[in-house]
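Asks: Okay, handing you the structure first.
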Amino acid sequence: MLGLLNRSTRLRALSPFHRGAASTLLTDFGARGLSALTVVVLIRFLSVSDYAFVVVFWAVGQFVGSAATGGLRMLYVRTEAERVSRGSSTTQLPFATVLAGGMVLIAALAVGGLVVTTLAGIGTARQRLELIGLCVAFSMGQAMVDLTTYHYQAHLAFVKGGLVNVARSAMLLIAALTTAVLLTSSGVITAAAIAGASIIAGSIAAGRIIASMRNQVRVRGARLGIGAESIWLTVYSLVATGFATVDVFIVAIILNTTDIATFGAAQRYYAIALGAAPALGSVLRVRTAQADILDSADTQVAVLRTWIMRGTAPTFVLLLFLGLVAQPVIPLIDQGRYPTSVPVFQILLVGVFAYYLTLPAVNLLMAQGRYRALAIAFGAAFALNAIGDFVVGPTIGVIGIAIIATVVLVGLSGLVARMALSPKLVSERAEQLVLSIQHAAPQVNAKVGDT
C-alpha cells in the first residue's frame with residue numbers, strides 16, 4: 001500500500017511536467033508553423049540575392065542573441081526553477097538583473113563583431129553598420145522574449161511561455177508579409193521590419209514581467225548575473241550556438257549566392273524537423289532543476305535511459321516519413337528554385353534523430369554542474385565542424401557540408417549521452433548534501449547521548 005501511495009505521489013508530482021510538455025509542444029508547433037509561413041513568404045517573394053541577405057541576417061541575429069545571453073538565461077531558469085521547487089521565497093537572480101546583463105553582452109558582442117569586420121575589410125562601413133545594427137535589434141528582441149519564456153517555464157506556467165513565442169512569431173510573419181509582399185522586395189527593408197517586430201515583441205513581453213516584479217532588487221554582488229557559474233554557461237552557449245550556425249557562415253564565405261540560399265532553405269526545413277526539440281528541451285530544463293533529480297544520481301541516469309528506450313522507434317518512424325515526403329513537397333514550396341535543398345535536408349535528418357534521442361543529456365550534465373565539460377565538448381565539435389566544412393565545401397559543396405554537420409552532430413550526441421551515463425555520475429549538489437548529513441550526524445548523536 002505504501003508503495004502504491006509513493007507511486008501515486010510521484011505521478012502527481014510529474015503531472016505538471018506532462019501537461020507542460022503537451023502545452024509547450026502545442027504552442028511551439030504553432031510558433032513553428034508561423035515561422036514556416038514566414039520562410040515560405042520570404043522564399044516566394046524575395047529574389048535569390050535578397051533572400052540570401054535575409055538568411056545571413058537571421059543567422060547572425062540568432063547567433064548573437066543565443067550566444068551572448070544563452071548562459072545567463074540557462075542560469076536564471078535553473079536557479080529560479082530550483083527555488084520554486086524547494087519552496088524558497090528568496091530570489092537569488094532577479095529577472096531585470098539578468099535582462100540587463102543580457103543586453104550588455106549583446107552590445108559587447110556587436111562591438112567586437114564590428115571591430116573584427118572592420119579590420120578584416122569585410123564590406124563597406126555602411127554595410128557593416130547596417131547588418132550589425134539590424135542583427136543587434138533582432139537579437140535583443142529575441143533575447144527578451146526568450147528570457148520571458150524561461151521565466152514562465154520556471155514557474156511551471158508553460159502555456160503562458162508558449163503563447164509569448166506564438167505572439168512573437170505572428171509579429172515576425174506580419175512584418176515579412178507587409179514588406180516582402182505588399183511594400184517592397186528589398187532584403188534590407190524586410191530585415192529591418194523583422195528586427196523592429198522582434199524588438200516590439202520583446203519589449204512588451206519583458207515589460208510585463210518587470211512591471212509585475214517591481215519589488216525585486218538586484219542581489220548585492222550579482223553584477224548583472226555575470227559570475228563564476230554563468231561564465232562557463234556563456235562559453236557553452238557561445239560554442240553551442242556557433243556549432244548550430246557555423247555552416248551557414250562558411251557557405252557564405254566559400255560558396256556562391258545560390259548555395260547560400262539553398263543551404264538556408266534546407267536549414268529552415270531542418271528547423272521544422274527540430275520543431276519539438278525546443279518545447280521538450282524547455283520542459284527538461286525545468287524538470288532536471290527539481291530537487292528530486294538534483295539530489296539523486298540514480299534518478300538522473302534512469303531519466304536518460306528511459307528516454308532513449310521509449311523514443312527510438314517513434315522518432316525513427318517520424319523522421320523517415322519527413323525524409324520521404326520532402327522529395328515531392330519541397331519543390332512545391334520553392335517552385336523548384338533550390339533542388340539541392342532536398343538531399344541536404346534528408347542528410348541533416350540523420351543528425352536530428354541522434355539529437356532527439358539524447359535530448360535530456362545536456363540538461364542532466366547541467367544538473368551535475370558539469371558546465372566546463374559541456375563547453376569543451378561543444379567547442380571541440382564546433383572546431384571539427386568548421387574544419388571539415390572548409391575541407392569538403394570547395395569540392396563537394398553544400399552536400400559535403402551537410403554530411404560533415406551530420407557526422408559531427410551524431411558524434412557529439414553520443415559523447416554527451418555517454419558523459420551523462422558515466423558511472424561517476426554524482427551531482428555536486430548531491431555530494432554537498434551527503435557531506436552535510438555526515439557532518440551533522442556526529443553532532444546529532446552527541447546531543448542524543450547528552451539527552
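Letters for chains follow the order of the C-alpha cells (A, B, ...), residue numbers begin at 1 for each chain, and ligand numbers begin at 1 in the order shown.
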Which range 46-125 of chain A residues have any atom within 10 Å of an atom of range 359-366 of chain A, and for each, what is the nearest pair of atoms with distance in Å to one decimal, counting only C-alpha atoms, rows sorted by chain and number, as a Markdown table?

Replies:
| residue | atom | partner | partner_atom | distance |
| --- | --- | --- | --- | --- |
| A:Met74 | CA | A:Met366 | CA | 9.2 |
| A:Leu75 | CA | A:Met366 | CA | 9.5 |
| A:Arg78 | CA | A:Met366 | CA | 8.9 |

Asks: As a list in words, please: the residues near Val408 in chain A (cut-off 9 Å, only C-alpha atoms, same-chain neighbours under 2 positions excluded).

Replies: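 In the requested format, the answer is Gly351, Ala381, Phe382, Leu384, Asn385, Ile403, Ile404, Ala405, Thr406, Val410, Gly411, Leu412 and Ser413 of chain A.
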
Asks: Go through A:Ala167, A:Leu233, A:Gly369, A:Thr358 and flag the residue nearest Leu421 in chain A, using only C-alpha atoms for the distances.

Replies: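 Closest to Leu421 in chain A, using only C-alpha atoms: A:Thr358.
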
Asks: At a cut-off of 9 Å, can you tabulate as CSV every residue of range 261-309 of chain A near range 315-335 of chain A together with its closest atom pair and the distance in Å to one decimal, using only C-alpha atoms and ordering rows by chain then number?

Replies:
residue,atom,partner,partner_atom,distance
A:Ala265,CA,A:Asp334,CA,8.7
A:Tyr269,CA,A:Ile330,CA,8.8
A:Ala273,CA,A:Leu319,CA,7.6

Asks: May I have the residues within 12 Å of Val136 in chain A as a ChimeraX atom specification, using only C-alpha atoms and disregarding those fewer than 3 positions away in the same chain?

Replies: /A:57-66,68,102-111,113-114,128-133,139-143,191-192,194-196,198-199

Asks: How many Å separate CA of Leu349 in chain A from CA of Arg32 in chain A?

Replies: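 Between these atoms lies a distance of 17.2 Å.
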
Asks: From a DSSP pass on the backbone, collect the residues of range 79-309 of chain A flagged as helix (DSSP H, G or I) and hand them back as a ChimeraX atom specification.

Replies: /A:79-86,95-120,125-154,158-183,187-212,228-254,257-273,276-287,291-294,297-309

Asks: Counting only C-alpha atoms, which residues of range 262-333 of chain A fall within 12 Å of range 236-257 of chain A, and what is the closest atom pair for each with its distance in Å at one decimal, ordered by chain and rising number, as JSON lines?

Replies:
{"residue": "A:Thr262", "atom": "CA", "partner": "A:Thr257", "partner_atom": "CA", "distance": 8.5}
{"residue": "A:Phe263", "atom": "CA", "partner": "A:Val248", "partner_atom": "CA", "distance": 7.0}
{"residue": "A:Gly264", "atom": "CA", "partner": "A:Val248", "partner_atom": "CA", "distance": 6.9}
{"residue": "A:Ala265", "atom": "CA", "partner": "A:Val248", "partner_atom": "CA", "distance": 10.6}
{"residue": "A:Ala266", "atom": "CA", "partner": "A:Val248", "partner_atom": "CA", "distance": 10.5}
{"residue": "A:Gln267", "atom": "CA", "partner": "A:Val248", "partner_atom": "CA", "distance": 8.7}
{"residue": "A:Arg268", "atom": "CA", "partner": "A:Val248", "partner_atom": "CA", "distance": 11.3}
{"residue": "A:Tyr270", "atom": "CA", "partner": "A:Ala244", "partner_atom": "CA", "distance": 11.2}
{"residue": "A:Ala271", "atom": "CA", "partner": "A:Ala244", "partner_atom": "CA", "distance": 10.6}

Asks: Mind writing the picked residues with C-alpha atoms as a PDB file, in the first residue's frame?

Replies:
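Here's the written file part.pdb:
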ATOM      1  CA  THR A 262      19.928  26.634 -50.959  1.00  0.00           C
ATOM      2  CA  PHE A 263      21.531  25.805 -47.633  1.00  0.00           C
ATOM      3  CA  GLY A 264      19.449  28.473 -45.901  1.00  0.00           C
ATOM      4  CA  ALA A 265      16.245  26.934 -47.245  1.00  0.00           C
ATOM      5  CA  ALA A 266      17.350  23.444 -46.163  1.00  0.00           C
ATOM      6  CA  GLN A 267      18.123  24.733 -42.680  1.00  0.00           C
ATOM      7  CA  ARG A 268      14.665  26.262 -42.419  1.00  0.00           C
ATOM      8  CA  TYR A 270      15.710  21.331 -40.726  1.00  0.00           C
ATOM      9  CA  ALA A 271      14.430  23.738 -38.073  1.00  0.00           C
TER      10      ALA A 271
END

Asks: Write out as a ChimeraX atom specification each polymer residue whose atoms come within 12 Å of Arg44 in chain A, counting only C-alpha atoms; drop sequence neighbours fewer than 4 positions from it.

Replies: /A:37-40,48,50-51,176-177,180-181,185,265,331-338

Asks: I'd like the interatomic distance between CA of Val303 in chain A and CA of Ala377 in chain A, to a tenth of an Å.

Replies: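 So the answer is 21.3 Å.
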
Asks: Using only C-alpha atoms, which residue out of A:Ala313, A:Gly281, A:Ala402, A:Thr306 lies closest to Val350 in chain A?

Replies: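 Checking each candidate against Val350 in chain A, we get A:Ala402 as the closest.
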
Asks: Can you tell me how far CA of Thr79 in chain A sits from CA of Arg418 in chain A, in Å to one decimal?

Replies: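 Interatomic distance, CA of Thr79 in chain A to CA of Arg418 in chain A: 25.5 Å.
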
Asks: Ranking A:Val398, A:Ala277, A:Gly388, A:Asp295 by minimum distance to Phe353 in chain A and counting only C-alpha atoms, which one comes first?

Replies: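 Of all the options, A:Ala277 lies closest to Phe353 in chain A.
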